[in-house]
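Pasted below: coords_0.cif, mmCIF, C-alpha atoms and all ligand atoms.
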```
data_work
loop_
_atom_site.label_atom_id
_atom_site.label_comp_id
_atom_site.auth_asym_id
_atom_site.auth_seq_id
_atom_site.Cartn_x
_atom_site.Cartn_y
_atom_site.Cartn_z
CA MET A 28 34.15 7.16 11.74
CA SER A 29 36.02 10.30 12.55
CA LEU A 30 36.96 11.54 15.98
CA TYR A 31 35.63 14.92 14.94
CA TRP A 32 32.11 13.82 14.02
CA ASN A 33 29.46 14.57 16.58
CA HIS A 34 26.98 11.91 17.71
CA ARG A 35 24.41 13.11 15.17
CA VAL A 36 26.75 12.56 12.23
CA LYS A 37 27.94 9.24 13.61
CA ARG A 38 24.47 7.77 13.65
CA LEU A 39 23.53 8.88 10.10
CA ALA A 40 23.03 6.31 7.35
CA PRO A 41 23.13 8.50 4.23
CA TYR A 42 21.12 7.81 1.09
CA ILE A 43 23.08 6.39 -1.84
CA PRO A 44 21.88 8.05 -5.06
CA GLY A 45 21.90 6.20 -8.39
CA GLU A 46 25.10 6.72 -10.35
CA GLN A 47 25.25 9.79 -12.64
CA ILE A 48 27.28 8.16 -15.37
CA ARG A 49 29.19 10.27 -17.91
CA ASP A 50 29.78 7.64 -20.59
CA GLN A 51 27.52 8.72 -23.48
CA ARG A 52 27.25 5.16 -24.80
CA VAL A 53 25.42 4.02 -21.70
CA ILE A 54 21.62 4.04 -21.72
CA LYS A 55 20.88 5.58 -18.37
CA LEU A 56 17.75 4.06 -16.85
CA ASN A 57 18.73 4.09 -13.18
CA THR A 58 17.30 7.28 -11.65
CA ASN A 59 13.86 7.71 -13.23
CA GLU A 60 14.77 10.86 -15.11
CA ASN A 61 12.45 11.77 -17.98
CA PRO A 62 13.99 10.78 -21.34
CA TYR A 63 12.47 13.84 -23.05
CA PRO A 64 13.80 17.40 -22.73
CA PRO A 65 12.08 20.07 -20.64
CA SER A 66 9.64 22.45 -22.32
CA PRO A 67 11.38 25.05 -24.55
CA LYS A 68 9.48 27.66 -22.52
CA VAL A 69 11.41 26.56 -19.44
CA ILE A 70 14.75 27.14 -21.16
CA GLU A 71 13.52 30.51 -22.41
CA ALA A 72 12.42 31.57 -18.91
CA ILE A 73 15.76 30.55 -17.41
CA GLN A 74 17.65 32.44 -20.12
CA LYS A 75 15.56 35.52 -19.38
CA ALA A 76 16.35 35.24 -15.68
CA LEU A 77 20.05 34.86 -16.44
CA GLY A 78 21.40 38.38 -15.98
CA ASP A 79 22.56 41.08 -13.61
CA ASP A 80 19.72 40.27 -11.21
CA LEU A 81 21.75 37.27 -10.08
CA ARG A 82 23.55 39.64 -7.71
CA LEU A 83 20.27 39.83 -5.77
CA TYR A 84 18.91 37.12 -3.50
CA PRO A 85 15.92 35.25 -4.88
CA ASP A 86 12.43 35.75 -3.44
CA PRO A 87 12.58 33.56 -0.30
CA ALA A 88 8.81 33.00 -0.45
CA CYS A 89 8.90 31.91 -4.16
CA THR A 90 5.76 34.02 -4.57
CA GLU A 91 5.34 33.83 -8.36
CA LEU A 92 6.08 30.12 -8.48
CA ARG A 93 3.69 29.36 -5.63
CA THR A 94 0.97 31.44 -7.29
CA VAL A 95 1.01 29.36 -10.47
CA ILE A 96 1.17 26.11 -8.49
CA ALA A 97 -1.83 27.26 -6.44
CA GLN A 98 -3.76 28.01 -9.64
CA ARG A 99 -2.90 24.65 -11.13
CA TYR A 100 -4.14 22.76 -8.04
CA GLY A 101 -7.03 25.03 -7.07
CA VAL A 102 -5.64 26.02 -3.67
CA MET A 103 -4.43 29.28 -2.09
CA PRO A 104 -0.75 30.26 -2.43
CA GLU A 105 -0.60 30.02 1.39
CA GLN A 106 -1.19 26.28 0.96
CA VAL A 107 1.94 25.82 -1.17
CA PHE A 108 5.56 25.44 -0.09
CA ALA A 109 8.43 25.31 -2.61
CA GLY A 110 11.84 23.83 -1.98
CA ASN A 111 15.11 22.65 -3.48
CA GLY A 112 13.83 19.38 -4.88
CA SER A 113 11.21 17.32 -3.15
CA ASP A 114 13.96 15.58 -1.18
CA GLU A 115 14.45 18.84 0.68
CA VAL A 116 10.71 19.33 1.11
CA LEU A 117 10.49 15.79 2.52
CA ALA A 118 13.41 16.41 4.89
CA PHE A 119 11.67 19.58 6.15
CA ALA A 120 8.34 17.74 6.52
CA PHE A 121 9.94 14.96 8.58
CA ALA A 122 11.54 17.65 10.78
CA ALA A 123 8.33 19.66 11.11
CA PHE A 124 5.65 17.02 11.71
CA PHE A 125 7.19 13.84 13.09
CA GLU A 126 8.22 13.60 16.74
CA SER A 127 11.55 12.49 18.16
CA PRO A 128 11.61 10.95 21.65
CA VAL A 129 10.88 13.33 24.51
CA LYS A 130 11.72 12.38 28.11
CA ASN A 131 8.88 10.75 30.06
CA ARG A 132 6.53 10.77 27.12
CA GLN A 133 5.61 8.01 24.75
CA THR A 134 6.58 8.69 21.14
CA LEU A 135 4.52 6.92 18.52
CA PRO A 136 6.55 5.67 15.56
CA ILE A 137 5.72 6.87 12.06
CA LEU A 138 4.63 4.30 9.48
CA PHE A 139 5.76 3.69 5.92
CA PRO A 140 6.02 0.58 3.73
CA ASP A 141 8.93 -1.85 4.21
CA ILE A 142 9.62 -1.50 0.51
CA THR A 143 9.52 2.14 -0.50
CA TYR A 144 11.61 5.20 -1.34
CA SER A 145 14.85 4.55 0.50
CA PHE A 146 15.26 8.18 1.53
CA TYR A 147 12.49 7.91 4.16
CA PRO A 148 14.50 5.82 6.65
CA VAL A 149 17.44 8.18 6.08
CA TYR A 150 15.40 11.17 7.27
CA THR A 151 14.23 9.25 10.34
CA ARG A 152 17.90 8.80 11.29
CA LEU A 153 18.70 12.42 10.57
CA TRP A 154 15.92 13.71 12.83
CA ASP A 155 15.87 10.79 15.27
CA ILE A 156 12.28 9.80 14.50
CA PRO A 157 11.12 6.31 15.52
CA PHE A 158 9.50 4.41 12.63
CA THR A 159 7.86 1.07 11.98
CA PRO A 160 8.13 -0.40 8.49
CA VAL A 161 4.77 -1.85 7.42
CA PRO A 162 5.19 -4.91 5.16
CA LEU A 163 3.61 -4.77 1.71
CA ALA A 164 1.60 -7.85 0.72
CA ALA A 165 3.41 -10.67 -1.11
CA ASP A 166 2.43 -9.13 -4.47
CA PHE A 167 3.81 -5.74 -3.25
CA SER A 168 0.34 -4.22 -2.93
CA LEU A 169 -0.18 -1.88 -0.01
CA VAL A 170 -2.74 -2.95 2.60
CA ILE A 171 -4.26 0.33 3.76
CA GLU A 172 -5.84 -1.19 6.89
CA ASP A 173 -2.33 -1.80 8.26
CA TYR A 174 -1.81 1.96 8.46
CA LYS A 175 -4.98 2.53 10.47
CA GLN A 176 -3.38 2.41 13.89
CA ALA A 177 -2.15 4.98 16.36
CA ALA A 178 0.94 6.46 14.72
CA GLY A 179 3.18 9.50 14.81
CA GLY A 180 2.54 10.01 11.10
CA VAL A 181 2.27 8.12 7.82
CA VAL A 182 4.32 8.42 4.63
CA ILE A 183 3.10 6.81 1.43
CA PRO A 184 4.30 7.42 -2.13
CA ASN A 185 1.61 7.00 -4.77
CA PRO A 186 2.56 5.18 -6.94
CA ASN A 187 4.96 3.47 -4.60
CA ALA A 188 8.68 3.30 -5.43
CA PRO A 189 10.48 1.19 -6.51
CA THR A 190 7.53 -1.10 -7.29
CA GLY A 191 5.50 1.39 -9.36
CA GLN A 192 2.27 0.08 -7.88
CA ALA A 193 -0.54 2.57 -7.32
CA ILE A 194 -2.79 2.93 -4.29
CA PRO A 195 -6.44 3.76 -5.01
CA CYS A 196 -7.49 7.28 -3.92
CA SER A 197 -10.38 5.78 -1.97
CA ASP A 198 -7.87 3.91 0.22
CA LEU A 199 -5.94 7.09 0.93
CA ARG A 200 -9.14 8.96 1.70
CA SER A 201 -10.16 6.36 4.28
CA LEU A 202 -6.69 6.59 5.83
CA LEU A 203 -6.90 10.39 6.06
CA ALA A 204 -10.30 10.13 7.70
CA PHE A 205 -9.01 7.59 10.22
CA HIS A 206 -6.09 9.75 11.32
CA GLU A 207 -7.93 13.05 11.23
CA LYS A 208 -10.49 11.68 13.67
CA ASN A 209 -7.71 10.76 16.08
CA ARG A 210 -7.01 14.24 17.46
CA GLU A 211 -4.68 13.01 20.18
CA THR A 212 -2.03 11.60 17.86
CA ALA A 213 -2.48 14.42 15.29
CA ALA A 214 -0.77 12.28 12.66
CA VAL A 215 0.13 13.97 9.38
CA VAL A 216 -0.40 11.76 6.33
CA LEU A 217 2.26 12.61 3.77
CA VAL A 218 1.54 11.42 0.23
CA ASP A 219 4.58 11.61 -2.03
CA GLU A 220 3.25 12.29 -5.53
CA ALA A 221 6.60 12.09 -7.34
CA TYR A 222 5.14 9.74 -9.98
CA THR A 223 1.42 10.57 -9.88
CA ALA A 224 1.47 12.18 -13.33
CA PHE A 225 2.25 8.80 -14.91
CA GLY A 226 -0.78 7.13 -13.36
CA ARG A 227 -4.47 7.39 -13.90
CA ASP A 228 -6.64 9.42 -11.50
CA LEU A 229 -4.20 9.14 -8.61
CA GLU A 230 -3.93 12.77 -7.50
CA VAL A 231 -5.17 13.25 -3.93
CA THR A 232 -4.19 16.91 -3.61
CA PRO A 233 -7.85 18.12 -3.94
CA LEU A 234 -8.47 16.36 -0.61
CA VAL A 235 -6.46 19.08 1.18
CA HIS A 236 -9.77 20.99 1.22
CA GLU A 237 -11.31 18.22 3.33
CA TYR A 238 -8.45 16.90 5.47
CA SER A 239 -6.22 19.20 7.49
CA ASN A 240 -3.73 16.34 8.06
CA LEU A 241 -2.89 15.79 4.37
CA LEU A 242 0.39 17.00 2.90
CA THR A 243 1.14 16.08 -0.71
CA VAL A 244 4.72 16.37 -1.94
CA HIS A 245 5.57 16.95 -5.59
CA THR A 246 8.67 17.18 -7.74
CA LEU A 247 9.52 18.64 -11.13
CA SER A 248 12.35 16.11 -11.49
CA LYS A 249 10.40 13.30 -13.12
CA ALA A 250 7.19 14.42 -14.82
CA ALA A 251 8.58 17.86 -15.78
CA SER A 252 12.00 16.64 -17.03
CA LEU A 253 13.80 18.96 -14.61
CA ALA A 254 15.85 16.75 -12.28
CA GLY A 255 18.78 19.12 -12.86
CA LEU A 256 16.89 22.22 -11.70
CA ARG A 257 16.06 20.93 -8.19
CA VAL A 258 12.51 22.09 -7.53
CA GLY A 259 9.87 20.36 -5.45
CA PHE A 260 6.83 21.56 -3.57
CA ALA A 261 4.26 20.59 -1.00
CA ILE A 262 0.53 21.34 -0.78
CA GLY A 263 -1.56 21.17 2.35
CA ASN A 264 -3.35 22.98 5.08
CA GLN A 265 -1.95 26.47 5.74
CA GLU A 266 -0.72 25.44 9.20
CA LEU A 267 1.33 22.61 7.72
CA ILE A 268 2.83 24.99 5.15
CA GLU A 269 3.74 27.43 7.93
CA GLY A 270 5.46 24.57 9.78
CA LEU A 271 7.62 23.87 6.73
CA GLY A 272 8.51 27.56 6.50
CA ARG A 273 9.61 27.58 10.14
CA VAL A 274 12.03 24.73 9.47
CA ARG A 275 13.37 26.27 6.25
CA ASP A 276 13.93 29.66 7.83
CA SER A 277 15.87 28.02 10.64
CA PHE A 278 18.20 26.59 8.05
CA ASN A 279 18.43 28.52 4.75
CA SER A 280 15.82 31.01 3.58
CA TYR A 281 16.91 30.91 -0.07
CA THR A 282 16.58 27.28 -1.02
CA VAL A 283 15.19 27.88 -4.53
CA ASP A 284 17.46 30.06 -6.65
CA ARG A 285 16.36 32.66 -9.20
CA LEU A 286 16.86 30.45 -12.25
CA ALA A 287 15.04 27.56 -10.63
CA GLN A 288 12.08 29.72 -9.66
CA ALA A 289 11.77 31.10 -13.20
CA GLY A 290 12.16 27.70 -14.87
CA ALA A 291 9.78 25.93 -12.52
CA ARG A 292 7.11 28.59 -13.01
CA ALA A 293 7.33 28.16 -16.80
CA ALA A 294 7.11 24.38 -16.42
CA ILE A 295 3.94 24.55 -14.34
CA LEU A 296 2.40 26.89 -16.92
CA ASP A 297 3.21 24.59 -19.85
CA ALA A 298 1.04 21.67 -18.76
CA SER A 299 0.06 20.71 -22.30
CA TYR A 300 3.69 20.13 -23.32
CA TYR A 301 4.23 17.79 -20.39
CA GLU A 302 0.96 15.96 -20.88
CA ALA A 303 2.09 15.07 -24.40
CA VAL A 304 5.58 14.04 -23.23
CA ASN A 305 4.26 11.89 -20.41
CA ARG A 306 1.64 10.24 -22.60
CA LYS A 307 4.58 8.96 -24.65
CA VAL A 308 6.34 7.67 -21.51
CA ILE A 309 3.14 5.89 -20.42
CA ALA A 310 2.63 4.30 -23.86
CA THR A 311 6.24 3.08 -23.89
CA ARG A 312 5.90 1.71 -20.35
CA ASN A 313 2.79 -0.26 -21.28
CA ARG A 314 4.33 -1.62 -24.46
CA VAL A 315 7.58 -2.65 -22.74
CA SER A 316 5.72 -4.21 -19.79
CA ALA A 317 3.70 -6.42 -22.12
CA ALA A 318 6.75 -7.35 -24.20
CA LEU A 319 8.79 -8.33 -21.13
CA LYS A 320 5.93 -10.47 -19.83
CA ALA A 321 5.78 -12.20 -23.20
CA LEU A 322 9.52 -12.92 -22.80
CA GLY A 323 8.78 -14.62 -19.49
CA TYR A 324 9.75 -11.85 -17.06
CA GLU A 325 7.70 -10.94 -14.03
CA VAL A 326 6.62 -7.30 -14.33
CA ILE A 327 4.90 -5.58 -11.41
CA PRO A 328 1.96 -3.52 -12.78
CA SER A 329 3.33 0.03 -12.94
CA GLN A 330 1.65 3.42 -12.95
CA ALA A 331 5.00 5.21 -12.78
CA ASN A 332 7.78 6.09 -15.25
CA PHE A 333 9.69 2.94 -14.34
CA ILE A 334 9.01 -0.78 -14.12
CA PHE A 335 10.04 -3.32 -11.52
CA ILE A 336 11.02 -6.58 -13.18
CA ARG A 337 12.37 -10.00 -12.31
CA SER A 338 13.90 -12.78 -14.35
CA LEU A 339 12.34 -16.09 -13.40
CA GLN A 340 15.55 -17.91 -14.34
CA LYS A 341 18.41 -16.02 -12.75
CA ASN A 342 18.97 -13.69 -9.84
CA GLY A 343 18.76 -9.92 -9.88
CA MET A 344 22.49 -9.28 -9.76
CA GLN A 345 23.08 -11.57 -12.77
CA LEU A 346 20.55 -9.69 -14.90
CA TYR A 347 21.90 -6.35 -13.65
CA THR A 348 25.45 -7.33 -14.62
CA PHE A 349 24.37 -8.64 -18.02
CA LEU A 350 22.52 -5.41 -18.84
CA ARG A 351 25.47 -3.32 -17.64
CA GLU A 352 27.75 -5.24 -20.04
CA GLN A 353 25.33 -4.23 -22.80
CA ASP A 354 25.73 -0.56 -21.74
CA ILE A 355 22.33 -0.46 -20.06
CA LEU A 356 22.37 0.96 -16.54
CA VAL A 357 19.39 0.16 -14.31
CA ARG A 358 18.89 0.12 -10.52
CA HIS A 359 19.32 -2.90 -8.29
CA PHE A 360 18.48 -2.76 -4.58
CA ASN A 361 20.35 -5.28 -2.51
CA GLN A 362 17.55 -5.52 -0.01
CA LEU A 363 15.42 -8.25 1.51
CA ARG A 364 12.39 -9.30 -0.63
CA ILE A 365 13.47 -7.32 -3.71
CA ALA A 366 17.05 -8.42 -4.40
CA ASP A 367 15.87 -10.37 -7.47
CA PHE A 368 14.14 -7.35 -8.98
CA LEU A 369 15.51 -4.52 -11.07
CA ARG A 370 14.00 -1.08 -11.39
CA VAL A 371 14.14 0.07 -15.00
CA SER A 372 13.31 3.71 -15.78
CA ILE A 373 11.31 4.20 -18.96
CA GLY A 374 13.48 5.71 -21.70
CA THR A 375 12.68 6.56 -25.30
CA ASP A 376 11.22 3.85 -27.54
CA GLU A 377 14.63 3.31 -29.17
CA GLN A 378 16.33 2.90 -25.80
CA MET A 379 13.66 0.50 -24.57
CA ASP A 380 13.96 -1.56 -27.74
CA ARG A 381 17.62 -2.07 -26.80
CA VAL A 382 16.51 -3.17 -23.33
CA LEU A 383 14.00 -5.63 -24.79
CA ALA A 384 16.61 -7.07 -27.14
CA ALA A 385 19.07 -7.50 -24.27
CA CYS A 386 16.45 -9.13 -22.07
CA GLU A 387 15.56 -11.51 -24.88
CA THR A 388 19.21 -12.50 -25.34
CA PHE A 389 19.53 -12.96 -21.59
CA SER A 390 16.62 -15.35 -21.34
CA ASN A 391 17.69 -17.28 -24.41
CA GLY A 392 21.16 -17.74 -23.02
CA THR A 393 19.95 -19.31 -19.82
C1 LIG B 401 12.76 10.99 -7.14
C2 LIG B 401 11.92 10.96 -5.92
C3 LIG B 401 11.88 12.06 -5.06
C4 LIG B 401 12.90 13.17 -5.13
O1 LIG B 401 12.72 14.07 -6.06
P1 LIG B 401 13.62 15.36 -6.15
O2 LIG B 401 12.61 16.44 -6.33
O3 LIG B 401 14.49 15.16 -7.33
O4 LIG B 401 14.39 15.55 -4.87
C5 LIG B 401 10.99 12.04 -4.01
N1 LIG B 401 10.21 10.97 -3.77
C6 LIG B 401 10.25 9.89 -4.55
C7 LIG B 401 9.37 8.74 -4.25
C8 LIG B 401 11.12 9.85 -5.64
O5 LIG B 401 11.21 8.74 -6.38
#
```
Starting from the file, lay out its structure as structure tokens.
Ligand SMILES: *Cc1c(COP(=O)(O)O)cnc(C)c1O
Amino acid sequence: MSLYWNHRVKRLAPYIPGEQIRDQRVIKLNTNENPYPPSPKVIEAIQKALGDDLRLYPDPACTELRTVIAQRYGVMPEQVFAGNGSDEVLAFAFAAFFESPVKNRQTLPILFPDITYSFYPVYTRLWDIPFTPVPLAADFSLVIEDYKQAAGGVVIPNPNAPTGQAIPCSDLRSLLAFHEKNRETAAVVLVDEAYTAFGRDLEVTPLVHEYSNLLTVHTLSKAASLAGLRVGFAIGNQELIEGLGRVRDSFNSYTVDRLAQAGARAAILDASYYEAVNRKVIATRNRVSAALKALGYEVIPSQANFIFIRSLQKNGMQLYTFLREQDILVRHFNQLRIADFLRVSIGTDEQMDRVLAACETFSNGT
């Protein structure tokens, strides 16, 4: 605590990102990056944008990028918002749609799972938004009925993180219908689609045509192998998109730089490259999941580019430490209910074979 911090900074509880390790020997499976490189067309587009034009500000509206995103999802460009990674888009959405306490008025808390992306509670602190964590079932499945209550908003990642479990679209549709009917609370349902591309038929974005309270948030960091470029976007009703723009333009109008806009546009246009890349990730995930189960590990069924696993013999920290000694870096969350689990990003087949070998040694040694 510093004397100079204001009360806002004092009450923050910042997010702790997974380590960006430099040691080349380490197999880095801790932040769900894609193990395959971005499309060559992305690199080409960035190289083309790399010139004297950098003296000029980028297009604050990201017009060309939003146009290709709109085409890809069958919406109007006015229904698309682009930002500096989906973390920024999420931060803006929390600021734009979720209420902080107002004097003499009841403020309904927003709802999200007790086990989910750990950035959500951070944003609630940042913007002073009351929230109620909704417990997942014992098997980590999400019980949609629990979210059908008066709320200030709902945030659900599909698939969920760090469990990797998917929520059926029909569940999300019934949730949207429930909250859209409740005009008084006007609750926005935010579906974080960071990992949707690794699942099967999970995309709910087409429902923006039916539900004005749906905002889907997307990132190029995982499925498009571009975590280093920092581009994310949101799709929803035009009014929601305008709300995001109001927050951004009260903060920094140029959140997506010229190189990022050019690279992201090329990535969206090269869907076939990424479909092939992500098919490989999915095949590896399924193979590794089955192999770990055969070795006696608990593996939560994943539709994402990571798996959530538990040794039935030893605790989570022991397995984490063992893997780290074998130069394999994964993510451990020291948190109630999940402290015995590790989140393992899906790497290349060669990398995952090293993980399997290490896990086999670990179980044999205990
Ligand atoms: C990785 C992740 C994000 C953040 O993505 P960026 O675009 O890199 O900021 C958002 N939501 C979830 C659930 C994630 O796992």
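Residue neighbourhood of Asp141 of chain A, excluding near-sequence residues (fewer than 4 positions): A:Pro160, A:Val161, A:Pro162, A:Leu163, at 8 Å, using all atoms listed in the file.
For the set A:Leu234, A:Leu271, A:Ala118, A:Ala310, the residue with the smallest atom-to-atom gap to ligand LIG 401 (chain B) is A:Ala118, counting only C-alpha atoms and all ligand atoms.
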Task: 9 Å contact set for Ala331 of chain A, all atoms listed in the file, chain neighbours under 5 positions out, as a list in words - done: Asn185, Pro186, Asn187, Ala188, Thr190, Gly191, Gln192, Ala193, Ala221, Tyr222, Thr223, Ala224, Phe225, Gly226, Ile309, Arg312, Ser372 and Ile373 of chain A
Open item on the list: Distance limit 10 Å, reference ligand LIG 401 (chain B), atoms considered: all atoms listed in the file. Which residues make the cut? Give them as an NGL selection string.
Closed with: :A and (44 or 58-60 or 110-118 or 143-147 or 183-189 or 191 or 218-223 or 244-249 or 253-260 or 331-333)
Convert the current residue selection to file output with C-alpha atoms, as an mmCIF file, keeping the file's coordinate frame.
```
data_model
loop_
_atom_site.group_PDB
_atom_site.id
_atom_site.type_symbol
_atom_site.label_atom_id
_atom_site.label_comp_id
_atom_site.auth_asym_id
_atom_site.auth_seq_id
_atom_site.Cartn_x
_atom_site.Cartn_y
_atom_site.Cartn_z
ATOM 1 C CA PRO A 44 21.880 8.050 -5.060
ATOM 2 C CA THR A 58 17.300 7.280 -11.650
ATOM 3 C CA ASN A 59 13.860 7.710 -13.230
ATOM 4 C CA GLU A 60 14.770 10.860 -15.110
ATOM 5 C CA GLY A 110 11.840 23.830 -1.980
ATOM 6 C CA ASN A 111 15.110 22.650 -3.480
ATOM 7 C CA GLY A 112 13.830 19.380 -4.880
ATOM 8 C CA SER A 113 11.210 17.320 -3.150
ATOM 9 C CA ASP A 114 13.960 15.580 -1.180
ATOM 10 C CA GLU A 115 14.450 18.840 0.680
ATOM 11 C CA VAL A 116 10.710 19.330 1.110
ATOM 12 C CA LEU A 117 10.490 15.790 2.520
ATOM 13 C CA ALA A 118 13.410 16.410 4.890
ATOM 14 C CA THR A 143 9.520 2.140 -0.500
ATOM 15 C CA TYR A 144 11.610 5.200 -1.340
ATOM 16 C CA SER A 145 14.850 4.550 0.500
ATOM 17 C CA PHE A 146 15.260 8.180 1.530
ATOM 18 C CA TYR A 147 12.490 7.910 4.160
ATOM 19 C CA ILE A 183 3.100 6.810 1.430
ATOM 20 C CA PRO A 184 4.300 7.420 -2.130
ATOM 21 C CA ASN A 185 1.610 7.000 -4.770
ATOM 22 C CA PRO A 186 2.560 5.180 -6.940
ATOM 23 C CA ASN A 187 4.960 3.470 -4.600
ATOM 24 C CA ALA A 188 8.680 3.300 -5.430
ATOM 25 C CA PRO A 189 10.480 1.190 -6.510
ATOM 26 C CA GLY A 191 5.500 1.390 -9.360
ATOM 27 C CA VAL A 218 1.540 11.420 0.230
ATOM 28 C CA ASP A 219 4.580 11.610 -2.030
ATOM 29 C CA GLU A 220 3.250 12.290 -5.530
ATOM 30 C CA ALA A 221 6.600 12.090 -7.340
ATOM 31 C CA TYR A 222 5.140 9.740 -9.980
ATOM 32 C CA THR A 223 1.420 10.570 -9.880
ATOM 33 C CA VAL A 244 4.720 16.370 -1.940
ATOM 34 C CA HIS A 245 5.570 16.950 -5.590
ATOM 35 C CA THR A 246 8.670 17.180 -7.740
ATOM 36 C CA LEU A 247 9.520 18.640 -11.130
ATOM 37 C CA SER A 248 12.350 16.110 -11.490
ATOM 38 C CA LYS A 249 10.400 13.300 -13.120
ATOM 39 C CA LEU A 253 13.800 18.960 -14.610
ATOM 40 C CA ALA A 254 15.850 16.750 -12.280
ATOM 41 C CA GLY A 255 18.780 19.120 -12.860
ATOM 42 C CA LEU A 256 16.890 22.220 -11.700
ATOM 43 C CA ARG A 257 16.060 20.930 -8.190
ATOM 44 C CA VAL A 258 12.510 22.090 -7.530
ATOM 45 C CA GLY A 259 9.870 20.360 -5.450
ATOM 46 C CA PHE A 260 6.830 21.560 -3.570
ATOM 47 C CA ALA A 331 5.000 5.210 -12.780
ATOM 48 C CA ASN A 332 7.780 6.090 -15.250
ATOM 49 C CA PHE A 333 9.690 2.940 -14.340
#
```
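In this comparison, which uses all atoms listed in the file, the residue of A:Val107, A:Val308, A:Val149, A:Ile142 approaching Thr375 of chain A most closely is A:Val308.
When atom CA of Val182 of chain A is paired with atom CA of Val95 of chain A, their separation reads 26.0 Å.
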TODO: For atom CA of Phe205 of chain A and atom CA of Val129 of chain A, determine how far apart the two atoms are, in Å to one decimal place.
DONE: 25.2 Å
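Of the listed residues A:Pro148, A:Leu319, A:Ile73, A:Phe158, the one whose atoms come nearest to Pro128 of chain A is A:Phe158, with distances taken using all atoms listed in the file.
With all atoms listed in the file as the basis for measurement, A:Asp367 is the residue among A:Glu230, A:Glu207, A:Asp198, A:Asp367 that approaches Asn342 of chain A most closely.
Note that atom CA of Leu369 of chain A and atom CA of Ile336 of chain A are 5.4 Å apart.
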- [ ] Find the residues near Phe119 of chain A: any atom within 9 Å, counting all atoms listed in the file, skip ones fewer than 5 places away on the same chain, and give them as a ChimeraX atom specification.
- [x] /A:114,124,270-272,274-275
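Using only C-alpha atoms for every distance, the candidate list A:Arg358, A:Lys208, A:Arg93, A:Arg364 yields A:Arg358 as the residue closest to Asn57 of chain A.
You can rank A:Gln378, A:Val102, A:Lys307, A:Ala384 by their closest distance to Leu356 of chain A using all atoms listed in the file, and at the top of that list sits A:Gln378.
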TODO: With a distance cut-off of 8 Å and only C-alpha atoms, select the neighbouring residues of segment 337-341 of chain A, excluding the residue or stretch itself and same-chain residues fewer than 6 positions from it, and output the selection as a PyMOL selection string.
DONE: chain A and resi 323-326+367-369+390+393
